file input_4.cif (mmCIF, C-alpha atoms)
data_target
loop_
_atom_site.label_atom_id
_atom_site.label_comp_id
_atom_site.auth_asym_id
_atom_site.auth_seq_id
_atom_site.Cartn_x
_atom_site.Cartn_y
_atom_site.Cartn_z
CA MET A 1482 40.40 17.12 100.63
CA VAL A 1483 37.37 16.91 98.38
CA PRO A 1484 37.72 18.70 95.01
CA GLN A 1485 35.05 21.26 95.90
CA ASP A 1486 37.25 22.58 98.70
CA HIS A 1487 40.24 23.47 96.53
CA TYR A 1488 40.97 27.19 96.53
CA PHE A 1489 41.21 27.18 92.73
CA ASN A 1490 37.56 26.13 92.34
CA ALA A 1491 35.05 28.79 91.36
CA ASP A 1492 32.73 28.40 94.35
CA PRO A 1493 34.32 26.97 97.50
CA LYS A 1494 31.95 24.75 99.47
CA VAL A 1495 33.76 25.20 102.76
CA PRO A 1496 31.81 27.55 105.08
CA SER A 1497 33.01 31.14 105.26
CA ARG A 1498 35.07 32.14 108.29
CA PRO A 1499 36.55 35.62 107.69
CA ARG A 1500 39.74 36.70 109.39
CA THR A 1501 41.60 40.00 109.02
CA ILE A 1502 45.38 40.05 108.87
CA HIS A 1503 47.96 42.85 108.99
CA VAL A 1504 50.59 43.01 106.25
CA ALA A 1505 53.81 44.84 107.12
CA LEU A 1506 56.32 45.31 104.30
CA PRO A 1507 59.36 47.62 104.38
CA ASP A 1508 57.52 50.22 102.28
CA ARG A 1509 53.82 49.51 102.91
CA THR A 1510 51.44 48.36 105.62
CA PHE A 1511 47.80 47.44 105.07
CA GLU A 1512 45.09 45.06 106.25
CA LEU A 1513 43.54 42.23 104.29
CA ASP A 1514 40.39 40.25 104.89
CA THR A 1515 40.93 36.54 104.30
CA ASP A 1516 38.50 33.63 104.32
CA ARG A 1517 38.33 29.88 104.19
CA GLY A 1518 38.24 28.44 100.70
CA VAL A 1519 40.80 31.05 99.57
CA PHE A 1520 44.54 30.39 99.55
CA ALA A 1521 46.41 31.24 102.79
CA HIS A 1522 43.43 31.85 105.07
CA GLY A 1523 44.44 33.84 108.12
CA HIS A 1524 48.06 34.52 107.16
CA ILE A 1525 50.38 35.64 104.38
CA ASP A 1526 52.10 32.48 103.17
CA PHE A 1527 55.89 32.42 103.14
CA GLY A 1528 56.17 32.33 99.34
CA THR A 1529 53.97 35.37 98.78
CA ASP A 1530 55.78 37.31 101.49
CA LEU A 1531 59.13 36.43 99.90
CA LEU A 1532 57.89 37.52 96.47
CA LEU A 1533 56.65 40.87 97.82
CA ARG A 1534 59.98 41.52 99.52
CA THR A 1535 62.04 40.48 96.48
CA MET A 1536 60.33 41.74 93.32
CA PRO A 1537 61.72 44.95 91.81
CA THR A 1538 59.60 48.08 91.47
CA PRO A 1539 56.84 47.20 89.01
CA PRO A 1540 56.73 49.04 85.70
CA PRO A 1541 53.84 51.29 84.66
CA GLY A 1542 51.29 49.93 82.25
CA GLU A 1543 49.26 46.74 82.29
CA LEU A 1544 50.18 44.24 85.01
CA VAL A 1545 48.54 40.98 86.03
CA ASP A 1546 48.50 38.96 89.23
CA VAL A 1547 47.64 35.38 88.22
CA GLY A 1548 45.71 33.61 90.96
CA CYS A 1549 45.25 36.74 93.04
CA GLY A 1550 43.51 35.17 96.02
CA TYR A 1551 42.52 37.88 98.47
CA GLY A 1552 44.85 40.36 96.77
CA ALA A 1553 48.19 40.60 98.58
CA ILE A 1554 50.29 40.70 95.41
CA ALA A 1555 47.91 42.77 93.29
CA ILE A 1556 47.43 45.40 95.99
CA THR A 1557 51.16 45.68 96.66
CA LEU A 1558 51.83 46.13 92.93
CA ALA A 1559 49.13 48.79 92.66
CA LEU A 1560 50.36 50.76 95.66
CA ARG A 1561 53.98 50.63 94.51
CA GLN A 1562 53.13 51.65 90.96
CA PRO A 1563 50.12 54.00 90.75
CA ASP A 1564 50.68 54.38 86.98
CA ALA A 1565 49.85 50.71 86.42
CA ARG A 1566 46.53 48.97 85.97
CA VAL A 1567 46.71 45.70 87.87
CA TRP A 1568 44.45 42.91 86.66
CA ALA A 1569 43.82 40.60 89.62
CA VAL A 1570 42.63 37.36 88.08
CA ASP A 1571 41.22 34.30 89.80
CA VAL A 1572 38.57 31.67 89.12
CA ASN A 1573 37.52 31.72 92.78
CA HIS A 1574 34.56 34.07 93.25
CA ARG A 1575 35.12 34.36 96.99
CA ALA A 1576 38.72 35.40 96.34
CA LEU A 1577 37.70 38.06 93.80
CA ASP A 1578 35.17 39.54 96.23
CA LEU A 1579 37.81 39.71 98.97
CA CYS A 1580 40.39 41.19 96.60
CA GLY A 1581 38.01 43.94 95.51
CA ARG A 1582 37.11 44.90 99.07
CA ASN A 1583 40.72 44.73 100.24
CA ALA A 1584 41.89 46.92 97.35
CA GLU A 1585 39.25 49.53 98.12
CA ARG A 1586 40.23 49.65 101.78
CA ALA A 1587 43.94 49.95 100.91
CA GLY A 1588 43.26 52.79 98.47
CA ALA A 1589 44.49 50.69 95.54
CA THR A 1590 42.00 52.07 93.04
CA ASN A 1591 44.03 50.71 90.10
CA VAL A 1592 43.29 47.06 90.92
CA VAL A 1593 40.76 45.30 88.66
CA PRO A 1594 39.60 41.95 90.11
CA VAL A 1595 38.18 39.75 87.34
CA GLU A 1596 37.82 36.20 86.14
CA PRO A 1597 40.53 35.29 83.61
CA ASP A 1598 38.26 35.42 80.56
CA ALA A 1599 37.26 39.00 81.40
CA VAL A 1600 40.73 40.39 80.62
CA PRO A 1601 40.56 41.80 77.07
CA GLU A 1602 42.42 39.53 74.66
CA ALA A 1603 44.28 42.44 73.05
CA ILE A 1604 46.05 43.48 76.26
CA ARG A 1605 49.75 42.73 76.54
CA PHE A 1606 51.44 42.96 79.91
CA ALA A 1607 54.41 44.93 81.18
CA GLY A 1608 54.66 42.40 84.01
CA VAL A 1609 53.14 39.11 85.11
CA TYR A 1610 53.27 38.14 88.79
CA SER A 1611 52.16 34.96 90.50
CA ASN A 1612 52.40 32.56 93.38
CA PRO A 1613 50.88 29.95 91.06
CA PRO A 1614 48.55 27.13 92.15
CA VAL A 1615 51.03 24.28 91.64
CA ARG A 1616 48.50 21.79 93.00
CA LEU A 1617 46.64 22.13 89.72
CA GLY A 1618 49.13 19.51 88.50
CA LYS A 1619 51.89 19.89 85.96
CA GLU A 1620 49.67 20.06 82.87
CA GLY A 1621 47.21 22.54 84.38
CA LEU A 1622 50.01 24.69 85.77
CA HIS A 1623 51.87 24.76 82.45
CA ASP A 1624 48.71 25.73 80.56
CA LEU A 1625 47.95 28.48 83.07
CA LEU A 1626 51.44 30.00 82.94
CA LEU A 1627 51.65 29.84 79.15
CA GLN A 1628 48.32 31.63 78.90
CA TRP A 1629 49.76 34.71 80.62
CA ILE A 1630 53.49 34.59 79.92
CA SER A 1631 52.75 34.43 76.19
CA ARG A 1632 51.06 37.84 76.57
CA LEU A 1633 54.13 39.64 77.89
CA GLU A 1634 55.32 42.67 75.98
CA PRO A 1635 58.77 42.36 74.39
CA ASP A 1636 61.48 42.60 77.06
CA ALA A 1637 58.90 42.28 79.86
CA THR A 1638 59.19 39.70 82.63
CA ALA A 1639 57.08 37.38 84.74
CA THR A 1640 58.01 37.07 88.41
CA LEU A 1641 56.99 33.79 90.04
CA VAL A 1642 57.53 32.18 93.42
CA VAL A 1643 57.49 28.38 93.64
CA GLN A 1644 58.56 25.91 96.31
CA ARG A 1645 61.58 23.84 95.40
CA HIS A 1646 60.01 20.55 96.50
CA LEU A 1647 56.89 21.38 94.46
CA GLY A 1648 58.89 21.66 91.28
CA SER A 1649 60.43 25.13 90.96
CA ASP A 1650 63.59 23.83 89.29
CA SER A 1651 61.78 21.61 86.78
CA LEU A 1652 59.42 24.50 86.03
CA ALA A 1653 62.39 26.77 85.34
CA ALA A 1654 63.91 24.13 83.06
CA TRP A 1655 60.63 23.75 81.17
CA LEU A 1656 60.30 27.49 80.64
CA THR A 1657 63.91 27.65 79.47
CA SER A 1658 63.18 24.90 76.95
CA LEU A 1659 60.50 27.15 75.44
CA GLY A 1660 63.03 29.91 74.79
CA HIS A 1661 62.52 32.02 77.91
CA ARG A 1662 65.47 33.13 79.98
CA VAL A 1663 64.82 32.24 83.59
CA ASP A 1664 66.83 33.86 86.38
CA ARG A 1665 66.59 32.73 89.99
CA ILE A 1666 66.65 36.08 91.76
CA ARG A 1667 66.20 34.75 95.30
CA SER A 1668 66.12 31.44 97.14
CA ARG A 1669 65.03 31.19 100.74
CA GLY A 1670 63.18 28.78 102.97
CA GLY A 1671 62.78 26.22 100.21
CA TYR A 1672 61.23 28.75 97.81
CA ARG A 1673 62.61 30.13 94.56
CA VAL A 1674 61.72 33.53 93.13
CA LEU A 1675 62.05 33.21 89.37
CA GLU A 1676 62.21 36.02 86.82
CA VAL A 1677 61.05 34.80 83.42
CA HIS A 1678 61.96 36.91 80.40
CA SER A 1679 59.63 36.83 77.41
CA ALA A 1680 60.95 34.58 74.64
CA ALA A 1681 62.06 36.28 71.44
CA GLU A 1682 59.34 36.00 68.83
CA SER A 1683 57.30 33.79 71.14
CA PRO A 1684 53.93 33.09 69.51
CA HIS A 1685 50.79 34.09 71.40
CA HIS A 1686 49.69 31.13 73.51
CA GLY A 1687 52.57 29.21 71.92
CA SER A 1688 54.35 26.32 73.53
CA ARG A 1689 57.62 26.43 71.56
CA ALA A 1690 60.46 28.82 71.08
CA ARG A 1691 61.90 29.35 67.64
#
call {"tool": "encode", "arguments": {"input": "input_4.cif", "output": "structure tokens"}}
result
Amino acid sequence: MVPQDHYFNADPKVPSRPRTIHVALPDRTFELDTDRGVFAHGHIDFGTDLLLRTMPTPPPGELVDVGCGYGAIAITLALRQPDARVWAVDVNHRALDLCGRNAERAGATNVVPVEPDAVPEAIRFAGVYSNPPVRLGKEGLHDLLLQWISRLEPDATATLVVQRHLGSDSLAAWLTSLGHRVDRIRSRGGYRVLEVHSAAESPHHGSRAR
């Protein structure tokens, strides 16, 4: 695959081919427009589906979906917790456009699709959620996760889903080495759902625990 076709690039070069899918969760059903050049075109991937069926009720306040794609996680968070503002962040412009339109159709008026730098620096999050783009590579993935996990409020958590063979266990060990408590709250189909607790006195954008 040429680099321009990666779903974590700002402007996918692959031609658009929209496809609408139906999402059926135990508590919610809604439709999502998907497209080529955006992660999981034409289907909800297994990891995202597992995360949506596993994560506890989101808290009110500021939440963020890191790498929102066409919005499955962000929209589910927003519908389950109307007293939250859900920042749906992605570098992919096609994804942000889809997320915005999908949120409007689902009635998730509390979703804010933006590029990462558009989230005000002062905001701290009551919850971080992500099916992260592990194909960024270890260094890029670590930088991305630190950027957002370091902005958790005290006692808040990040909920991540990562494939085991793509490094979920080594990622959990790395986060633990930084002072975060990491709990594996579900394991199924080769995926781990990890709950990452904010490190005590973790410095903003820091890479070490005390």
call {"tool": "resolve_selection", "arguments": {"input": "input_4.cif", "expression": "the PyMOL selection byres ((chain A and resi 1593) around 9)", "output": "PyMOL selection string"}}
result
chain A and resi 1555+1566-1570+1580-1581+1584+1590-1592+1594-1595
call {"tool": "write_last_selection", "arguments": {"input": "input_4.cif", "atoms": "C-alpha atoms", "output": "mmCIF file, in the frame of the given file"}}
result
data_model
loop_
_atom_site.group_PDB
_atom_site.id
_atom_site.type_symbol
_atom_site.label_atom_id
_atom_site.label_comp_id
_atom_site.auth_asym_id
_atom_site.auth_seq_id
_atom_site.Cartn_x
_atom_site.Cartn_y
_atom_site.Cartn_z
ATOM 1 C CA ALA A 1555 47.910 42.770 93.290
ATOM 2 C CA ARG A 1566 46.530 48.970 85.970
ATOM 3 C CA VAL A 1567 46.710 45.700 87.870
ATOM 4 C CA TRP A 1568 44.450 42.910 86.660
ATOM 5 C CA ALA A 1569 43.820 40.600 89.620
ATOM 6 C CA VAL A 1570 42.630 37.360 88.080
ATOM 7 C CA CYS A 1580 40.390 41.190 96.600
ATOM 8 C CA GLY A 1581 38.010 43.940 95.510
ATOM 9 C CA ALA A 1584 41.890 46.920 97.350
ATOM 10 C CA THR A 1590 42.000 52.070 93.040
ATOM 11 C CA ASN A 1591 44.030 50.710 90.100
ATOM 12 C CA VAL A 1592 43.290 47.060 90.920
ATOM 13 C CA PRO A 1594 39.600 41.950 90.110
ATOM 14 C CA VAL A 1595 38.180 39.750 87.340
#
call {"tool": "resolve_selection", "arguments": {"input": "input_4.cif", "expression": "the PyMOL selection byres ((chain A and resi 1490-1499) around 10)", "output": "list in words"}}
result
Val1483, Pro1484, Gln1485, Asp1486, His1487, Tyr1488, Phe1489, Arg1500, Thr1501, Ile1502, Asp1514, Thr1515, Asp1516, Arg1517, Gly1518, Val1519, His1522, Gly1523, Asp1571, Val1572, Asn1573, His1574, Arg1575, Ala1576, Leu1577, Leu1579 and Glu1596 of chain A
call {"tool": "closest_residue", "arguments": {"input": "input_4.cif", "among": "A:Gly1608, A:Gly1550, A:Gly1648, A:Gly1660", "to": "Thr1538 of chain A", "atoms": "only C-alpha atoms"}}
result
A:Gly1608
call {"tool": "resolve_selection", "arguments": {"input": "input_4.cif", "expression": "the PyMOL selection byres ((chain A and resi 1529-1531) around 10)", "output": "count of residues only"}}
result
29
call {"tool": "atom_distance", "arguments": {"input": "input_4.cif", "atom1": "atom CA of Phe1520 of chain A", "atom2": "atom CA of Arg1582 of chain A"}}
result
16.3 Å
call {"tool": "atom_distance", "arguments": {"input": "input_4.cif", "atom1": "atom CA of Asn1583 of chain A", "atom2": "atom CA of Pro1614 of chain A"}}
result
20.9 Å
call {"tool": "atom_distance", "arguments": {"input": "input_4.cif", "atom1": "atom CA of Glu1676 of chain A", "atom2": "atom CA of Val1609 of chain A"}}
result
9.7 Å
call {"tool": "closest_residue", "arguments": {"input": "input_4.cif", "among": "A:Thr1640, A:Ser1649, A:Thr1510, A:Ser1658", "to": "Leu1544 of chain A", "atoms": "all atoms listed in the file"}}
result
A:Thr1640
call {"tool": "closest_residue", "arguments": {"input": "input_4.cif", "among": "A:Val1547, A:Ala1587, A:Ile1556, A:Pro1537", "to": "Gln1628 of chain A", "atoms": "only C-alpha atoms"}}
result
A:Val1547
call {"tool": "axis_aligned_box", "arguments": {"input": "input_4.cif", "around": "segment 1489-1499 of chain A", "padding_each_side": "5 Å", "output": "JSON"}}
result
{"center_x": 36.5, "center_y": 30.2, "center_z": 99.8, "size_x": 19.4, "size_y": 20.9, "size_z": 26.9}
call {"tool": "closest_residue", "arguments": {"input": "input_4.cif", "among": "A:Pro1540, A:Gly1671, A:Gly1618, A:Pro1507", "to": "Ala1559 of chain A", "atoms": "all atoms listed in the file"}}
result
A:Pro1540
